[in-house]
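File shown: protein_32.txt (compact mmCIF, C-alpha atoms).
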# COMPACT_ATOMS: atom_id res chain seq x y z
CA MET A 1 10.39 -7.24 9.14
CA THR A 2 8.97 -9.18 6.20
CA GLY A 3 6.96 -12.24 7.14
CA PRO A 4 3.32 -12.46 8.21
CA GLY A 5 4.44 -14.37 11.30
CA GLU A 6 6.59 -11.45 12.43
CA ILE A 7 3.78 -8.98 11.80
CA GLU A 8 1.36 -11.14 13.75
CA ARG A 9 3.85 -11.27 16.65
CA LEU A 10 4.16 -7.49 16.52
CA TYR A 11 0.37 -7.27 16.55
CA ARG A 12 0.22 -9.44 19.66
CA SER A 13 2.90 -7.45 21.49
CA HIS A 14 2.00 -3.91 20.35
CA GLY A 15 -1.63 -4.08 19.16
CA GLY A 16 -2.87 -3.08 22.61
CA LEU A 17 -1.09 0.27 22.55
CA VAL A 18 -2.47 0.98 19.07
CA LEU A 19 -6.00 0.15 20.26
CA ARG A 20 -5.65 2.30 23.40
CA ARG A 21 -4.56 5.35 21.41
CA ALA A 22 -7.23 4.79 18.74
CA ARG A 23 -9.87 4.72 21.48
CA ALA A 24 -8.54 7.93 23.00
CA ILE A 25 -8.55 9.74 19.66
CA LEU A 26 -11.75 8.32 18.16
CA GLY A 27 -13.90 7.74 21.25
CA ASN A 28 -15.68 4.85 19.56
CA GLU A 29 -14.86 1.21 20.23
CA ALA A 30 -15.83 -0.13 16.80
CA ASP A 31 -13.90 2.59 14.95
CA ALA A 32 -10.90 2.10 17.23
CA ARG A 33 -10.78 -1.64 16.55
CA GLU A 34 -11.12 -1.03 12.82
CA ALA A 35 -8.30 1.52 12.96
CA MET A 36 -6.08 -0.96 14.80
CA GLN A 37 -6.71 -3.61 12.14
CA ASP A 38 -6.02 -1.06 9.41
CA VAL A 39 -2.67 -0.06 10.93
CA PHE A 40 -1.48 -3.65 10.86
CA ALA A 41 -3.09 -4.31 7.47
CA GLU A 42 -0.86 -1.57 6.12
CA LEU A 43 2.13 -3.45 7.50
CA VAL A 44 0.97 -6.62 5.78
CA ARG A 45 0.70 -4.68 2.54
CA ALA A 46 4.06 -2.96 2.96
CA PRO A 47 6.10 -5.14 5.31
CA ARG A 48 9.31 -3.21 4.71
CA SER A 49 7.84 -0.03 6.21
CA LEU A 50 9.63 -0.80 9.46
CA ASP A 51 13.04 -1.36 7.88
CA GLY A 52 15.53 1.03 9.43
CA VAL A 53 12.97 2.42 11.89
CA ARG A 54 14.62 3.44 15.17
CA SER A 55 11.49 3.13 17.32
CA VAL A 56 8.71 0.70 16.44
CA VAL A 57 6.54 2.35 19.09
CA GLY A 58 7.10 5.75 17.46
CA TRP A 59 6.22 4.31 14.05
CA LEU A 60 3.00 2.83 15.45
CA TYR A 61 2.13 6.16 17.10
CA ARG A 62 2.49 7.91 13.75
CA ALA A 63 0.55 5.25 11.84
CA THR A 64 -2.26 5.21 14.41
CA THR A 65 -2.54 8.99 14.48
CA HIS A 66 -2.61 9.17 10.70
CA ARG A 67 -5.26 6.48 10.45
CA CYS A 68 -7.44 7.99 13.19
CA LEU A 69 -7.30 11.49 11.70
CA LYS A 70 -8.43 9.98 8.42
CA VAL A 71 -11.34 8.30 10.19
CA LEU A 72 -12.32 11.59 11.81
CA ARG A 73 -12.31 13.29 8.43
CA ASP A 74 -14.23 10.44 6.81
CA ARG A 75 -16.97 10.71 9.37
CA ARG A 76 -17.77 14.05 7.82
CA SER A 77 -19.58 14.98 10.96
CA GLY A 78 -17.01 17.55 11.93
CA ALA A 79 -18.50 20.35 9.90
CA ARG A 80 -22.00 19.69 11.22
CA LEU A 81 -20.84 19.62 14.85
CA LEU A 82 -18.77 22.70 14.22
CA ARG A 83 -21.76 24.62 12.94
CA ARG A 84 -23.83 23.49 15.92
CA HIS A 85 -21.22 24.73 18.39
CA ALA A 86 -20.59 27.90 16.48
CA ALA A 87 -24.24 28.64 17.17
CA GLY A 88 -23.45 29.26 20.82
CA SER A 89 -23.05 26.15 22.96
CA ARG A 90 -19.85 25.59 24.93
CA PRO A 91 -17.68 22.51 24.49
CA ALA A 92 -18.31 19.68 26.92
CA LEU A 93 -15.65 18.06 29.09
CA ALA A 94 -13.68 15.11 27.83
CA VAL A 95 -15.15 11.82 29.02
CA ALA A 96 -11.90 10.69 30.64
CA GLU A 97 -8.42 11.96 31.27
CA GLY A 98 -6.25 11.73 28.20
CA GLU A 99 -9.21 11.35 25.85
CA LEU A 100 -10.36 13.91 23.35
CA ALA A 101 -13.61 15.77 23.87
CA VAL A 102 -16.18 15.16 21.15
CA GLU A 103 -15.78 18.74 20.01
CA ALA A 104 -12.02 18.36 19.78
CA ARG A 105 -12.49 15.37 17.45
CA SER A 106 -14.74 17.29 15.12
CA LEU A 107 -12.39 20.27 15.12
CA LEU A 108 -9.34 18.10 14.41
CA ALA A 109 -11.03 16.91 11.23
CA THR A 110 -10.91 20.46 9.91
CA LEU A 111 -7.15 20.98 10.42
CA PRO A 112 -4.25 20.14 8.10
CA ASP A 113 -2.69 16.76 8.90
CA GLU A 114 0.50 18.06 10.52
CA GLU A 115 -1.27 20.52 12.81
CA ALA A 116 -3.89 17.96 13.83
CA ALA A 117 -1.20 15.36 14.59
CA ALA A 118 0.78 17.89 16.65
CA LEU A 119 -2.31 18.64 18.76
CA VAL A 120 -3.00 14.94 19.34
CA TYR A 121 0.58 14.19 20.39
CA HIS A 122 0.70 17.21 22.67
CA HIS A 123 -2.72 16.95 24.33
CA VAL A 124 -3.64 13.27 24.20
CA ASP A 125 -0.17 11.78 24.68
CA GLY A 126 1.34 14.54 26.80
CA MET A 127 4.42 14.83 24.60
CA SER A 128 6.90 17.66 24.87
CA HIS A 129 7.58 19.75 21.78
CA ALA A 130 10.85 17.84 21.35
CA GLU A 131 9.06 14.49 21.37
CA VAL A 132 6.43 15.72 18.90
CA ALA A 133 9.23 17.10 16.72
CA GLU A 134 10.89 13.68 16.62
CA LEU A 135 7.69 12.01 15.40
CA LEU A 136 6.87 14.72 12.88
CA GLY A 137 10.46 15.02 11.67
CA CYS A 138 10.70 18.76 12.25
CA SER A 139 12.16 21.15 14.82
CA PRO A 140 10.65 21.74 18.30
CA ARG A 141 10.27 25.39 17.29
CA LYS A 142 8.08 24.38 14.37
CA VAL A 143 5.98 22.21 16.68
CA GLY A 144 5.29 25.24 18.86
CA TYR A 145 4.27 27.16 15.77
CA LEU A 146 2.01 24.34 14.54
CA ILE A 147 0.22 24.05 17.88
CA GLU A 148 -0.18 27.81 18.23
CA ARG A 149 -1.51 28.15 14.70
CA ALA A 150 -3.92 25.21 15.16
CA HIS A 151 -5.31 26.73 18.36
CA GLY A 152 -5.74 30.04 16.57
CA VAL A 153 -7.74 28.39 13.80
CA LEU A 154 -9.82 26.42 16.29
CA LEU A 155 -10.60 29.49 18.38
CA GLN A 156 -11.90 31.20 15.27
CA GLU A 157 -14.00 28.13 14.44
CA GLU A 158 -15.45 28.00 17.97
CA GLU A 159 -16.31 31.67 17.98
CA GLY A 160 -18.04 31.31 14.62
CA PRO A 161 -18.30 33.83 11.82
CA VAL A 162 -17.88 37.45 12.88
CA MET B 163 -6.06 27.79 23.84
CA SER B 164 -9.09 26.36 22.08
CA ASP B 165 -11.83 25.43 24.58
CA ALA B 166 -12.30 22.05 22.93
CA PHE B 167 -8.82 21.00 24.08
CA ALA B 168 -8.92 22.66 27.48
CA PHE B 169 -10.02 19.45 29.19
CA THR B 170 -7.88 17.04 27.19
CA ARG B 171 -4.90 16.37 29.38
CA TRP B 172 -2.49 13.48 29.59
CA PRO B 173 -2.57 12.86 33.35
CA ALA B 174 1.16 12.35 33.95
CA CYS B 175 4.36 14.34 33.60
CA THR B 176 5.99 11.59 31.51
CA SER B 177 4.47 11.29 28.04
CA ALA B 178 2.54 8.23 26.90
CA LEU B 179 5.12 7.76 24.13
CA ARG B 180 8.00 7.57 26.59
CA LEU B 181 6.12 5.20 28.88
CA ASP B 182 5.09 2.96 25.98
CA ARG B 183 8.67 2.89 24.71
CA TRP B 184 9.81 1.93 28.20
CA LEU B 185 7.18 -0.81 28.48
CA CYS B 186 8.25 -2.18 25.08
CA GLY B 187 11.93 -2.19 26.08
CA GLU B 188 12.99 0.51 23.65
CA LEU B 189 14.82 2.77 26.10
CA GLY B 190 18.54 2.49 26.66
CA SER B 191 19.85 1.43 30.06
CA GLU B 192 20.46 4.98 31.32
CA GLU B 193 17.03 6.23 30.25
CA ASP B 194 15.48 3.08 31.65
CA ALA B 195 17.11 3.60 35.05
CA ALA B 196 16.16 7.28 35.13
CA LEU B 197 12.54 6.51 34.36
CA ARG B 198 12.37 3.73 36.95
CA ALA B 199 13.69 6.16 39.56
CA HIS B 200 11.09 8.72 38.53
CA LEU B 201 8.25 6.20 38.65
CA ALA B 202 9.25 5.28 42.20
CA THR B 203 8.57 8.84 43.33
CA CYS B 204 5.77 10.03 41.01
CA ALA B 205 2.38 8.46 41.66
CA ARG B 206 0.77 10.02 38.56
CA CYS B 207 3.38 8.57 36.22
CA ALA B 208 3.30 5.22 38.01
CA ASP B 209 -0.49 5.11 37.56
CA ALA B 210 -0.18 6.05 33.89
CA ALA B 211 2.44 3.35 33.34
CA SER B 212 0.17 0.84 35.01
CA THR B 213 -2.73 1.87 32.74
CA LEU B 214 -0.59 1.56 29.62
CA GLY B 215 0.73 -1.80 30.78
CA ALA B 216 -2.82 -3.08 31.22
CA ALA B 217 -3.71 -1.89 27.70
CA ARG B 218 -0.78 -3.88 26.30
CA ASP B 219 -2.06 -7.02 28.01
CA GLU B 220 -5.57 -6.69 26.59
CA GLU B 221 -6.90 -9.72 24.74
CA LEU B 222 -6.96 -8.85 21.04
CA PRO B 223 -9.16 -10.26 18.26
CA PRO B 224 -7.44 -12.23 15.47
CA LEU B 225 -5.45 -10.09 13.08
CA ARG B 226 -7.80 -9.68 10.14
CA ALA B 227 -5.28 -9.03 7.41
CA LEU B 228 -2.94 -11.93 6.95
CA ASP B 229 -0.61 -12.50 4.10
CA VAL B 230 -0.55 -15.78 2.29
CA PRO B 231 3.00 -15.82 0.93
CA ALA B 232 3.04 -14.75 -2.71
CA ARG B 233 5.60 -17.40 -3.55
CA ALA B 234 3.05 -20.03 -2.58
CA VAL B 235 0.68 -18.78 -5.25
CA PRO B 236 1.58 -20.42 -8.58
CA ARG B 237 1.00 -18.70 -11.88
CA PHE B 238 -2.32 -19.17 -13.56
CA VAL B 239 -1.86 -21.78 -16.25
CA LYS B 240 -5.13 -21.78 -18.12
CA PRO B 241 -4.64 -21.03 -21.84
CA TRP B 242 -6.64 -18.01 -22.88
CA ARG B 243 -6.68 -15.25 -25.45
CA PRO B 244 -5.60 -12.13 -23.62
CA ALA B 245 -5.86 -9.72 -26.55
CA LEU B 246 -9.45 -10.64 -27.27
CA ALA B 247 -10.35 -10.68 -23.59
CA ALA B 248 -8.67 -7.32 -23.01
CA ALA B 249 -10.59 -5.77 -25.86
CA GLY B 250 -13.82 -7.19 -24.48
CA LEU B 251 -13.36 -5.89 -20.95
CA ALA B 252 -12.02 -2.54 -22.07
CA GLY B 253 -15.06 -2.12 -24.27
CA ALA B 254 -17.39 -3.16 -21.49
CA LEU B 255 -15.74 -0.82 -18.98
CA ALA B 256 -15.79 2.05 -21.43
CA ALA B 257 -19.43 1.46 -22.27
CA GLY B 258 -20.38 1.02 -18.61
CA LEU B 259 -21.84 -2.37 -19.28
CA PHE B 260 -22.60 -5.05 -16.76
CA LEU B 261 -20.73 -8.09 -17.92
CA ALA B 262 -22.55 -11.29 -18.62
CA LEU B 263 -21.35 -13.94 -16.24
CA ARG B 264 -20.48 -17.10 -18.08
CA PRO B 265 -17.95 -19.64 -16.89
CA GLY B 266 -14.97 -20.03 -19.17
CA PRO B 267 -14.60 -23.25 -21.09
CA ALA B 268 -11.53 -24.58 -19.27
CA GLN B 269 -11.27 -23.05 -15.85
CA ALA B 270 -8.35 -23.83 -13.61
CA PRO B 271 -9.44 -25.26 -10.26
CA GLY B 272 -10.12 -22.46 -7.84
CA THR B 273 -10.60 -19.78 -10.46
CA ALA B 274 -13.90 -18.36 -11.60
CA LEU B 275 -13.20 -16.86 -15.02
CA LYS B 276 -16.25 -15.04 -16.20
CA GLY B 277 -17.29 -12.22 -18.44
CA ALA B 278 -14.66 -10.68 -20.67
CA GLY B 279 -11.61 -12.33 -19.16
CA VAL B 280 -11.94 -11.30 -15.51
CA GLY B 281 -11.55 -13.92 -12.84
CA ILE B 282 -11.12 -14.58 -9.15
CA GLY B 283 -9.19 -17.32 -7.39
CA MET B 284 -9.02 -18.25 -3.74
CA TRP B 285 -6.21 -19.50 -1.56
CA VAL B 286 -6.41 -20.87 1.95
CA GLN B 287 -3.79 -21.10 4.64
CA HIS B 288 -4.57 -23.81 7.16
CA GLY B 289 -1.83 -24.23 9.73
CA GLY B 290 1.36 -24.14 7.71
CA ASP B 291 -0.24 -25.32 4.45
CA VAL B 292 -1.29 -23.02 1.62
CA ARG B 293 -3.54 -24.41 -1.09
CA ARG B 294 -5.79 -23.19 -3.86
CA VAL B 295 -9.44 -24.07 -3.35
CA GLY B 296 -12.24 -24.56 -5.82
CA GLU B 297 -15.54 -22.72 -5.80
CA GLY B 298 -17.98 -24.12 -3.26
CA GLU B 299 -15.32 -25.89 -1.19
CA ALA B 300 -15.60 -26.11 2.57
CA ILE B 301 -13.07 -24.12 4.59
CA ALA B 302 -12.48 -24.20 8.32
CA VAL B 303 -13.34 -21.13 10.39
CA GLY B 304 -10.18 -19.43 11.56
CA ASP B 305 -8.29 -20.23 8.34
CA ALA B 306 -6.59 -17.36 6.53
CA VAL B 307 -7.81 -16.76 2.98
CA ARG B 308 -6.51 -14.66 0.18
CA PHE B 309 -7.91 -13.90 -3.25
CA SER B 310 -6.22 -13.52 -6.60
CA VAL B 311 -7.71 -11.79 -9.62
CA THR B 312 -7.33 -11.83 -13.35
CA THR B 313 -8.07 -8.79 -15.43
CA PRO B 314 -6.89 -8.22 -18.99
CA VAL B 315 -6.94 -4.42 -18.54
CA ARG B 316 -6.15 -2.11 -15.65
CA ALA B 317 -9.30 -1.88 -13.55
CA TYR B 318 -10.31 -0.66 -10.09
CA VAL B 319 -10.85 -3.85 -8.14
CA ALA B 320 -12.75 -4.67 -4.96
CA VAL B 321 -13.76 -7.96 -3.34
CA LEU B 322 -16.90 -7.99 -1.20
CA SER B 323 -18.64 -10.78 0.64
CA LEU B 324 -21.97 -11.64 2.23
CA ASP B 325 -21.65 -14.10 5.08
CA PRO B 326 -24.26 -16.69 6.14
CA ALA B 327 -25.64 -14.28 8.75
CA GLY B 328 -26.27 -11.61 6.10
CA HIS B 329 -23.34 -9.43 7.14
CA ALA B 330 -21.55 -7.82 4.19
CA SER B 331 -17.89 -6.88 4.31
CA VAL B 332 -15.10 -5.69 2.05
CA TYR B 333 -12.24 -8.18 1.77
CA PHE B 334 -10.22 -5.99 -0.56
CA PRO B 335 -8.99 -3.32 -0.47
CA VAL B 336 -8.37 -2.11 3.08
CA GLY B 337 -9.11 1.47 2.03
CA PRO B 338 -12.53 2.97 1.25
CA ARG B 339 -12.32 2.84 -2.56
CA ALA B 340 -11.64 0.18 -5.18
CA GLU B 341 -7.93 -0.01 -6.01
CA ALA B 342 -6.20 -0.20 -9.38
CA VAL B 343 -4.98 -3.65 -10.38
CA GLY B 344 -3.58 -5.08 -13.55
CA PRO B 345 -3.56 -5.96 -16.25
CA ALA B 346 -2.82 -9.15 -14.35
CA VAL B 347 -3.22 -12.87 -14.55
CA ASP B 348 -4.12 -14.55 -11.28
CA ALA B 349 -2.41 -11.79 -9.29
CA PRO B 350 -2.65 -12.28 -5.50
CA LEU B 351 -4.30 -9.30 -3.84
CA PRO B 352 -2.05 -7.69 -1.23
CA ALA B 353 -4.00 -8.50 1.91
CA GLY B 354 -5.88 -11.57 3.02
CA THR B 355 -8.26 -12.14 5.87
CA ARG B 356 -8.95 -14.69 8.58
CA LEU B 357 -12.39 -16.29 8.52
CA ASP B 358 -14.64 -15.62 11.49
CA ALA B 359 -16.79 -18.21 13.24
CA THR B 360 -20.04 -17.68 11.29
CA VAL B 361 -20.57 -21.05 9.61
CA GLY B 362 -22.48 -21.64 6.36
CA GLU B 363 -22.20 -20.52 2.74
CA GLU B 364 -20.46 -17.23 2.11
CA ARG B 365 -20.78 -15.48 -1.23
CA VAL B 366 -18.07 -13.28 -2.70
CA TRP B 367 -18.09 -10.78 -5.57
CA ALA B 368 -15.07 -9.28 -7.30
CA LEU B 369 -15.74 -5.94 -8.96
CA PHE B 370 -13.68 -4.61 -11.88
CA CYS B 371 -14.60 -0.97 -12.30
CA PRO B 372 -13.60 1.90 -14.59
CA ALA B 373 -13.21 4.27 -11.61
CA PRO B 374 -12.20 4.02 -7.91
CA ILE B 375 -15.77 3.66 -6.63
CA GLU B 376 -16.65 4.21 -2.95
CA LEU B 377 -17.20 0.79 -1.38
CA GLU B 378 -19.15 1.52 1.78
CA PRO B 379 -22.39 2.31 -0.14
CA VAL B 380 -21.95 -0.92 -2.12
CA ARG B 381 -21.34 -2.91 1.07
CA ALA B 382 -24.38 -1.36 2.75
CA ARG B 383 -26.62 -2.11 -0.25
CA LEU B 384 -25.30 -5.66 -0.39
CA GLU B 385 -26.22 -6.14 3.25
CA ARG B 386 -29.67 -4.63 2.79
CA GLY B 387 -30.78 -6.15 -0.47
CA GLY B 388 -28.33 -8.68 -1.87
CA ALA B 389 -26.19 -8.59 -4.97
CA ALA B 390 -28.85 -7.69 -7.52
CA ALA B 391 -29.45 -4.30 -5.91
CA ALA B 392 -25.91 -3.68 -4.75
CA LEU B 393 -23.38 -4.17 -7.49
CA PRO B 394 -22.62 -1.11 -9.62
CA GLU B 395 -23.75 -1.44 -13.22
CA GLU B 396 -20.60 0.14 -14.56
CA CYS B 397 -18.40 -2.59 -13.07
CA GLY B 398 -17.56 -6.00 -14.39
CA VAL B 399 -18.49 -8.60 -11.80
CA THR B 400 -17.47 -12.16 -11.10
CA SER B 401 -18.80 -14.19 -8.23
CA TRP B 402 -17.50 -16.88 -5.93
CA ARG B 403 -18.77 -18.87 -2.99
CA PHE B 404 -17.35 -21.10 -0.29
CA VAL B 405 -18.63 -22.84 2.80
CA LYS B 406 -17.34 -22.13 6.29
CA ARG B 407 -17.59 -24.97 8.74
Could you show the structure in this file as structure tokens?
Amino acid sequence: MTGPGEIERLYRSHGGLVLRRARAILGNEADAREAMQDVFAELVRAPRSLDGVRSVVGWLYRATTHRCLKVLRDRRSGARLLRRHAAGSRPALAVAEGELAVEARSLLATLPDEEAAALVYHHVDGMSHAEVAELLGCSPRKVGYLIERAHGVLLQEEEGPV
Amino acid sequence: MSDAFAFTRWPACTSALRLDRWLCGELGSEEDAALRAHLATCARCADAASTLGAARDEELPPLRALDVPARAVPRFVKPWRPALAAAGLAGALAAGLFLALRPGPAQAPGTALKGAGVGIGMWVQHGGDVRRVGEGEAIAVGDAVRFSVTTPVRAYVAVLSLDPAGHASVYFPVGPRAEAVGPAVDAPLPAGTRLDATVGEERVWALFCPAPIELEPVRARLERGGAAAALPEECGVTSWRFVKR
């Protein structure tokens, strides 16, 4: 894929799935739309990114997740929310099925990229360890380890300093 | 499991990835048939597939970043003295000086060459045509535009704008900080943009900075108080304007 026309066609056919996932991860319409534009802007900047890619949908999942995790980190609200919840309140329910709870978003911003992505794929997208492994380029066993370790870190964060 | 994720559940037994791949025609015939058979018997997965299908059909805004083909952008032909200009900008960047903005003596159409050899040019794609435009020209809303810059030394570049409604935005780069460019002569920036429907005069500033400055504070200041209060003193600046109609 090289031309702007092809990228615009891809945007028309696949932009909706990028926007849906960005909404689920970010929980904010304006941020989700910005993230969608950024994902395709990256393709405009590096149009050969899709050369040799087996699944365009998988590539867009990865790019969207990466972009959204960056947005969550850039918000820099994660640490503040974390401190608030560490003070004693319990996490609220997610606003809709398949969407992240506000607390989950702030906690994700504190995790390493690979662990955060594994949690998103597993919880938000309902992927099996094998599917997550395919997107992350690692073994299903490592995915299990990443998710377990991430939950361990998050539990410690939720319980606050001992 | 962490409490924060306890209520985050994909509501079907088939993953969103698999359903999206199916909807986009990426599954092979065997996988396709197996999934169709499953969807016929699993209401949760059928509902999820329907939801994902509706998301794919959603009306999307215009794609903001559009590429004006680089081959359509000719080389800058204005004669200039790069060594002298490079020394001037390097000195200014090193000293953290705000560059005086004076038009060059023999500017090429569509290029504002100001200060110590920095410049900005503008290209417009209207339908299938790509053309360079001069400063102050009228451009149709919905056209794709792309900027090119000239800098005699490597600098961190950003292009910001203030539209007729007072809304400031960053045209380049896509990321949060100014990006390294050059030394370059009339180099097209990697991403363009499509003009929105706000008609009137839009002003544009290209920044040439000694460091990858954060752009959101600059954009916010530009929106609040205009260029005088917004543009970092340590950056070289050149301005541009065009009219949307």
A straight line from atom CA of Gly15 of chain A to atom CA of Arg33 of chain A spans 9.8 Å
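Excluding Cys371 of chain B itself and any same-chain residue fewer than 4 positions from it, the protein and nucleic acid residues within 6 Å of it, counting all atoms listed in the file, are Ala317, Tyr318 and Cys397 of chain B.
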Close residues, Phe309 of chain B itself excluded, 9 Å, only C-alpha atoms, min 4 positions apart in chain, as a PyMOL selection string: chain B and resi 282-286+321+333-334+348-354
Hey, what's within 7 Å of Gly16 of chain A if we count all atoms listed in the file and toss same-chain stuff fewer than 4 positions away? As number ranges by chain, please? A: 20; B: 217-220
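Atom CA of Val303 of chain B is found 24.5 Å from atom CA of Glu29 of chain A.
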Could you work out how far atom CA of Arg339 of chain B lies from atom CA of Glu376 of chain B, giving the answer in Å with one decimal?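 Those two atoms sit 4.6 Å apart.
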Between A:Leu69, A:Ala117, A:Leu136, A:Leu107, which residue has the minimum interatomic distance to chain B, considering only C-alpha atoms?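 Ranked by minimum distance to chain B, first place goes to A:Leu107.
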Pick from A:Asp125, A:Glu42, A:Asp74, A:Asp51, whichever lies nearest to chain B using only C-alpha atoms: A:Asp125
